[in-house]
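Source file upload_6.cif; content: mmCIF, C-alpha atoms.
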data_data
#
loop_
_atom_site.label_atom_id
_atom_site.label_comp_id
_atom_site.auth_asym_id
_atom_site.auth_seq_id
_atom_site.Cartn_x
_atom_site.Cartn_y
_atom_site.Cartn_z
CA MET A 6 0.00 0.00 0.00
CA SER A 7 1.34 3.42 -0.98
CA LEU A 8 -0.22 6.79 -0.20
CA LEU A 9 -0.07 10.01 -2.16
CA PRO A 10 2.03 12.55 -0.23
CA ARG A 11 -0.36 15.51 -0.21
CA SER A 12 -3.80 13.93 0.08
CA GLY A 13 -2.92 10.76 1.98
CA ILE A 14 -5.04 8.76 -0.47
CA GLY A 15 -4.01 5.43 -1.96
CA THR A 16 -5.13 1.94 -2.92
CA ASP A 17 -4.64 -1.55 -1.56
CA GLY A 18 -6.05 -4.09 -4.00
CA PRO A 19 -9.76 -3.24 -4.33
CA TYR A 20 -9.66 -0.85 -1.36
CA LEU A 21 -9.56 2.93 -1.55
CA ILE A 22 -7.42 4.14 1.35
CA ILE A 23 -7.85 7.57 2.96
CA ALA A 24 -5.34 8.32 5.69
CA PRO A 25 -5.54 11.95 6.88
CA PRO A 26 -3.09 12.94 9.63
CA GLY A 27 -4.34 12.25 13.13
CA ASN A 28 -7.26 10.08 12.02
CA PRO A 29 -7.56 6.30 11.71
CA VAL A 30 -7.16 4.93 8.20
CA ILE A 31 -10.43 4.79 6.27
CA ARG A 32 -10.82 1.82 3.88
CA LEU A 33 -13.59 1.69 1.27
CA ASP A 34 -14.09 -1.48 -0.80
CA SER A 35 -14.53 -0.34 -4.41
CA ARG A 36 -16.41 -3.59 -5.14
CA LEU A 37 -19.42 -1.91 -3.52
CA LEU A 38 -19.40 0.91 -6.09
CA ASP A 39 -21.10 0.98 -9.46
CA ARG A 40 -18.37 3.11 -11.00
CA ILE A 41 -15.47 5.48 -10.35
CA GLU A 42 -14.97 8.44 -12.66
CA LEU A 43 -12.76 11.47 -13.01
CA ILE A 44 -14.42 14.87 -12.82
CA GLY A 45 -13.10 18.39 -13.27
CA ARG A 46 -13.54 21.22 -10.81
CA SER A 47 -15.30 24.26 -12.20
CA PRO A 48 -13.38 27.58 -12.54
CA THR A 49 -16.63 29.58 -12.83
CA SER A 50 -16.25 33.37 -13.07
CA PRO A 51 -12.63 33.54 -11.93
CA ILE A 52 -11.82 36.93 -13.41
CA VAL A 53 -14.25 38.93 -11.30
CA MET A 54 -13.11 37.48 -8.00
CA SER A 55 -10.40 39.24 -6.03
CA ALA A 56 -7.80 37.49 -3.89
CA ALA A 57 -9.45 38.84 -0.75
CA ALA A 58 -12.85 37.49 -1.76
CA ALA A 59 -11.30 34.11 -2.53
CA ALA A 60 -9.61 33.99 0.84
CA GLY A 61 -12.88 34.82 2.54
CA ALA A 62 -14.66 32.05 0.66
CA VAL A 63 -12.02 29.57 1.68
CA ALA A 64 -12.29 30.62 5.31
CA GLY A 65 -16.05 30.24 5.23
CA PHE A 66 -15.78 26.83 3.64
CA MET A 67 -13.26 25.68 6.22
CA SER A 68 -15.52 26.77 9.05
CA VAL A 69 -18.33 24.51 7.84
CA ILE A 70 -16.30 21.30 8.03
CA PRO A 71 -15.23 20.16 11.50
CA GLY A 72 -11.58 19.14 11.51
CA GLY A 73 -9.20 20.98 9.21
CA MET A 74 -7.44 17.72 8.38
CA PHE A 75 -10.30 16.84 6.02
CA ALA A 76 -10.21 20.08 4.06
CA GLY A 77 -8.07 18.43 1.38
CA LEU A 78 -10.74 15.75 1.01
CA GLY A 79 -13.59 18.26 0.84
CA LEU A 80 -16.73 17.01 -0.87
CA VAL A 81 -18.15 20.44 -1.70
CA TYR A 82 -16.36 22.79 -4.08
CA LEU A 83 -15.83 26.53 -4.04
CA ALA A 84 -17.43 28.12 -7.07
CA HIS A 85 -15.19 31.21 -7.39
CA GLU A 86 -11.49 31.79 -6.88
CA ARG A 87 -8.65 33.86 -8.27
CA MET A 88 -7.55 33.53 -11.88
CA SER A 89 -4.43 31.57 -10.93
CA GLU A 90 -6.56 29.15 -8.96
CA ALA A 91 -8.97 28.90 -11.88
CA ARG A 92 -6.13 27.84 -14.18
CA ARG A 93 -5.12 25.15 -11.71
CA ARG A 94 -8.71 23.97 -11.44
CA ALA A 95 -9.02 23.65 -15.20
CA ARG A 96 -6.27 20.99 -14.99
CA SER A 97 -7.35 19.31 -11.78
CA ARG A 98 -9.38 16.15 -11.47
CA ASP A 99 -11.29 14.62 -8.60
CA LEU A 100 -12.69 11.14 -8.09
CA LEU A 101 -16.43 10.56 -8.36
CA LEU A 102 -17.58 7.53 -6.37
CA ALA A 103 -21.00 6.42 -7.62
CA LEU A 104 -23.48 3.91 -6.25
CA GLY A 105 -26.97 4.05 -7.72
CA ASN A 106 -28.14 7.67 -7.66
CA LEU A 107 -25.59 8.62 -5.01
CA GLU A 108 -22.43 10.36 -6.20
CA VAL A 109 -19.63 11.36 -3.82
CA ALA A 110 -16.77 13.56 -4.99
CA LEU A 111 -13.34 13.09 -3.43
CA HIS A 112 -10.66 15.71 -4.01
CA VAL A 113 -7.17 14.45 -4.83
CA ALA A 114 -4.78 17.26 -3.95
CA ASP A 115 -1.86 15.56 -5.72
CA GLY A 116 -3.15 16.49 -9.16
CA ALA A 117 -4.83 15.09 -12.25
CA GLU A 118 -2.38 12.30 -13.01
CA ALA A 119 -2.50 11.01 -9.45
CA ALA A 120 -6.30 10.99 -9.55
CA ARG A 121 -6.21 9.14 -12.86
CA ARG A 122 -3.90 6.47 -11.46
CA LEU A 123 -6.23 5.92 -8.51
CA ALA A 124 -9.24 5.61 -10.82
CA ASP A 125 -7.41 3.21 -13.14
CA GLN A 126 -6.43 0.99 -10.21
CA LEU A 127 -9.91 0.82 -8.68
CA GLN A 128 -12.28 1.01 -11.66
CA PRO A 129 -11.85 -2.68 -12.68
CA TYR A 130 -13.36 -3.75 -9.34
CA THR A 131 -16.55 -1.70 -9.69
CA ARG A 132 -19.88 -3.21 -10.73
CA GLU A 133 -20.43 -1.47 -14.06
CA ALA A 134 -16.91 -1.99 -15.40
CA PRO A 135 -16.26 -4.81 -17.88
CA ILE A 136 -14.78 -7.79 -16.04
CA THR A 137 -11.09 -8.12 -16.86
CA ARG A 138 -9.68 -9.92 -13.80
CA PRO A 139 -10.21 -13.51 -12.63
CA GLU A 140 -10.90 -12.49 -9.03
CA VAL A 141 -13.59 -10.04 -10.16
CA TYR A 142 -15.12 -12.78 -12.31
CA GLU A 143 -15.24 -15.20 -9.38
CA ASP A 144 -16.79 -12.53 -7.16
CA ALA A 145 -19.45 -11.79 -9.80
CA ARG A 146 -20.29 -15.48 -10.16
CA ARG A 147 -20.59 -15.82 -6.40
CA ARG A 148 -22.99 -12.87 -6.20
CA LEU A 149 -25.04 -14.19 -9.12
CA GLY A 150 -25.34 -17.65 -7.59
CA ALA A 151 -26.32 -16.29 -4.18
CA GLN A 152 -29.06 -14.12 -5.66
CA ILE A 153 -30.45 -16.88 -7.86
CA GLU A 154 -30.58 -19.15 -4.80
CA GLY A 155 -32.34 -16.44 -2.82
CA LYS A 156 -29.52 -16.01 -0.32
CA ALA A 157 -30.05 -12.29 0.30
CA GLY A 158 -28.27 -12.52 3.63
CA ARG A 159 -25.01 -13.32 1.87
CA ALA A 160 -25.22 -10.08 -0.12
CA ARG A 161 -25.68 -8.12 3.10
CA ARG A 162 -22.79 -9.93 4.78
CA GLU A 163 -20.53 -8.71 1.97
CA LEU A 164 -21.14 -5.20 3.30
CA GLU A 165 -19.69 -6.03 6.70
CA ARG A 166 -16.22 -4.82 5.79
CA GLY A 167 -17.16 -2.52 2.93
CA LEU A 168 -16.16 0.60 4.88
CA LEU A 169 -13.82 0.66 7.87
CA VAL A 170 -12.61 3.50 10.08
CA GLY A 171 -9.56 2.00 11.71
CA ASP A 172 -10.89 -1.28 13.11
CA ASP A 173 -14.48 -0.01 13.32
CA VAL A 174 -16.93 -1.41 10.79
CA VAL A 175 -19.45 0.98 9.25
CA SER A 176 -22.82 -0.73 8.85
CA VAL A 177 -26.58 -0.15 8.72
CA HIS A 178 -28.98 -1.49 11.33
CA GLU A 179 -32.66 -0.62 11.81
CA GLY A 180 -32.51 2.91 10.47
CA TYR A 181 -29.11 3.74 11.94
CA LEU A 182 -25.64 4.01 10.49
CA THR A 183 -23.20 2.56 13.00
CA VAL A 184 -19.48 3.21 13.18
CA GLY A 185 -18.17 0.72 15.68
CA SER A 186 -20.23 1.35 18.82
CA VAL A 187 -21.51 4.78 17.73
CA ALA A 188 -24.85 5.12 15.91
CA PHE A 189 -26.33 7.95 13.84
CA ARG A 190 -29.85 8.13 12.48
CA ILE A 191 -29.68 7.81 8.70
CA GLU A 192 -31.58 11.07 8.23
CA GLU A 193 -29.02 12.73 10.49
CA VAL A 194 -26.23 11.35 8.28
CA ARG A 195 -27.97 12.79 5.21
CA ASP A 196 -28.16 16.20 6.88
CA TYR A 197 -24.43 16.09 7.64
CA ALA A 198 -23.69 15.09 4.04
CA VAL A 199 -25.77 17.91 2.53
CA ARG A 200 -23.69 20.38 4.56
CA GLY A 201 -20.45 18.72 3.43
CA ALA A 202 -19.73 17.85 7.05
CA ASN A 203 -18.14 14.93 8.86
CA LEU A 204 -19.65 12.55 11.39
CA PRO A 205 -18.08 13.25 14.80
CA LEU A 206 -16.66 10.08 16.33
CA PRO A 207 -15.20 9.48 19.80
CA GLY A 208 -11.60 10.51 20.33
CA GLY A 209 -11.78 13.36 17.84
CA ARG A 210 -12.02 10.96 14.90
CA LEU A 211 -13.97 11.94 11.80
CA LEU A 212 -15.70 10.26 8.88
CA GLN A 213 -17.13 12.11 5.90
CA ALA A 214 -20.89 11.73 6.13
CA ALA A 215 -21.18 11.25 2.37
CA MET A 216 -18.87 8.23 2.67
CA GLY A 217 -21.26 6.75 5.21
CA LEU A 218 -24.14 7.20 2.78
CA LEU A 219 -22.35 4.87 0.34
CA VAL A 220 -22.88 2.09 2.89
CA VAL A 221 -26.55 3.08 3.22
CA ALA A 222 -26.95 2.89 -0.57
CA ALA A 223 -25.15 -0.47 -0.70
CA ASP A 224 -27.44 -1.83 2.01
CA GLU A 225 -30.51 -0.69 0.07
CA ARG A 226 -29.20 -2.40 -3.08
CA ALA A 227 -28.51 -5.62 -1.17
CA ARG A 228 -32.09 -5.64 0.14
CA ALA A 229 -33.60 -4.96 -3.30
CA GLY A 230 -31.30 -7.34 -5.15
CA GLU A 231 -28.64 -6.67 -7.77
CA ASP A 232 -29.49 -6.30 -11.46
CA LEU A 233 -29.20 -9.95 -12.54
CA GLU A 234 -29.40 -9.18 -16.25
CA ALA A 235 -26.49 -6.75 -16.11
CA LEU A 236 -24.46 -9.07 -13.87
CA SER A 237 -25.08 -12.07 -16.15
CA ARG A 238 -24.08 -10.02 -19.19
CA ARG A 239 -20.77 -8.98 -17.61
CA ILE A 240 -20.00 -12.60 -16.70
CA ARG A 241 -20.91 -13.82 -20.19
CA GLU A 242 -18.76 -11.16 -21.89
CA TYR A 243 -15.76 -12.12 -19.76
CA GLU A 244 -16.23 -15.82 -20.56
CA GLU A 245 -16.44 -15.03 -24.28
CA TRP A 246 -13.36 -12.83 -24.06
CA THR A 247 -11.26 -15.40 -22.22
CA GLY A 248 -12.73 -18.52 -23.80
CA ARG A 249 -13.59 -19.96 -20.42
CA SER A 250 -16.95 -21.23 -19.21
CA ALA A 251 -18.61 -21.29 -15.82
CA GLY A 252 -17.16 -23.94 -13.57
CA ARG A 253 -13.92 -24.28 -15.55
#

Re-express the file's structure as structure tokens.
Amino acid sequence: MSLLPRSGIGTDGPYLIIAPPGNPVIRLDSRLLDRIELIGRSPTSPIVMSAAAAAGAVAGFMSVIPGGMFAGLGLVYLAHERMSEARRRARSRDLLLALGNLEVALHVADGAEAARRLADQLQPYTREAPITRPEVYEDARRRLGAQIEGKAGRARRELERGLLVGDDVVSVHEGYLTVGSVAFRIEEVRDYAVRGANLPLPGGRLLQAAMGLLVVAADERARAGEDLEALSRRIREYEEWTGRSAGR
């Protein structure tokens, strides 16, 4: 596992790693996601903004998010900055983590190429990507078999280590999002996420609320059932590509 020097973001197999200073390592399993994309940050109206106005906007933004350590991972973007910042933004890229209708943006402070490398490493594990790896194929077959056999509980068990904060598992139980022994009402988590805020955890630890909502969305998908037609198509295309057949 290697981490980018500025953002503290990296990968470990299918896991997205976020390791801000002073906070436990956050691990998100990209196999829960539908897709990972690169997005640009908008340099809207940069000419009319003065340096002082930009500094004020930054200060206001920082005051909304508890814990300055997460500023580099901010999920809400400033709309206006100085011209020099606008030029940098035109080149920058962030990661978009998508699951169903939920999209979470993650800023990569190390630049566009670093963000692209992260996306390239994790995208093959996501659920809308063409299957290109044997381990992804086996995972897809396992999910397909479990759903055909009506083993919905297995799909939910796969979520048990989908998101970790240190050793604490993030999970959903009876309308609550739990992080280890701490529970938040799901509506409360949504309110935090709308404000671009973090969930306050014991010991001064933090977790981006929007990250927690990915687990909520994954739980809802597990209850409803995965798209069998799309999953079967991905498996079939991989078997045709490699010349292998199920069970061989």

Problem set entry | Pairwise distance for atom CA of Ile31 of chain A and atom CA of Leu168 of chain A, rounded to one decimal in Å |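 Going from atom CA of Ile31 of chain A over to atom CA of Leu168 of chain A covers 7.2 Å.
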
Problem set entry | Residues returned when the PyMOL selection byres ((chain A and resi 20) around 12) runs on this file, as a PyMOL selection string | chain A and resi 6-7+14-19+21-23+30-38+123-124+126-131+166-169

Exercise. How many Å separate atom CA of His178 of chain A from atom CA of Pro25 of chain A?
Worked result: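 According to the coordinates, atom CA of His178 of chain A and atom CA of Pro25 of chain A are separated by 27.4 Å.
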
Exercise. Applied to the shown file, which residues does the PyMOL selection byres ((chain A and resi 192) around 12) return, written as a list in words?
Worked result: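 When the PyMOL selection byres ((chain A and resi 192) around 12) is applied to the shown file, the picked residues are Gly180, Tyr181, Leu182, Ala188, Phe189, Arg190, Ile191, Glu193, Val194, Arg195, Asp196, Tyr197, Ala198, Val199, Ala214, Ala215, Gly217, Leu218 and Val221 of chain A.
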
For this session: Mind giving me the straight-line distance from atom CA of Val113 of chain A to atom CA of Pro205 of chain A in Å, one decimal?
Result: 22.5 Å

For this session: Have a look at A:Val220, A:Leu212, A:Leu43, A:Val175 and name the one nearest to Asp125 of chain A; count all atoms listed in the file.
Result: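 So, comparing all the options, the nearest one is A:Leu43.
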
Taking (-16.2, -8.9, -13.5) in the file's coordinates, which residues come within 7 Å, counting all atoms listed in the file, written as a compact mmCIF listing (two decimals) with C-alpha atoms, keeping the file's coordinate frame?
# COMPACT_ATOMS: atom_id res chain seq x y z
CA PRO A 135 -16.26 -4.81 -17.88
CA ILE A 136 -14.78 -7.79 -16.04
CA THR A 137 -11.09 -8.12 -16.86
CA ARG A 138 -9.68 -9.92 -13.80
CA VAL A 141 -13.59 -10.04 -10.16
CA TYR A 142 -15.12 -12.78 -12.31
CA ALA A 145 -19.45 -11.79 -9.80
CA ARG A 239 -20.77 -8.98 -17.61
CA ILE A 240 -20.00 -12.60 -16.70

Problem set entry | Ground truth for the PyMOL selection byres ((chain A and resi 211) around 9), written as a PyMOL selection string | chain A and resi 28-29+71-72+75+170+203-210+212-214

For this session: Return the single residue from A:Val109, A:Leu233, A:Ile41, A:Ile153 that is closest to Arg121 of chain A, with distances computed using only C-alpha atoms.
Result: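 Smallest distance to Arg121 of chain A is found for A:Ile41.
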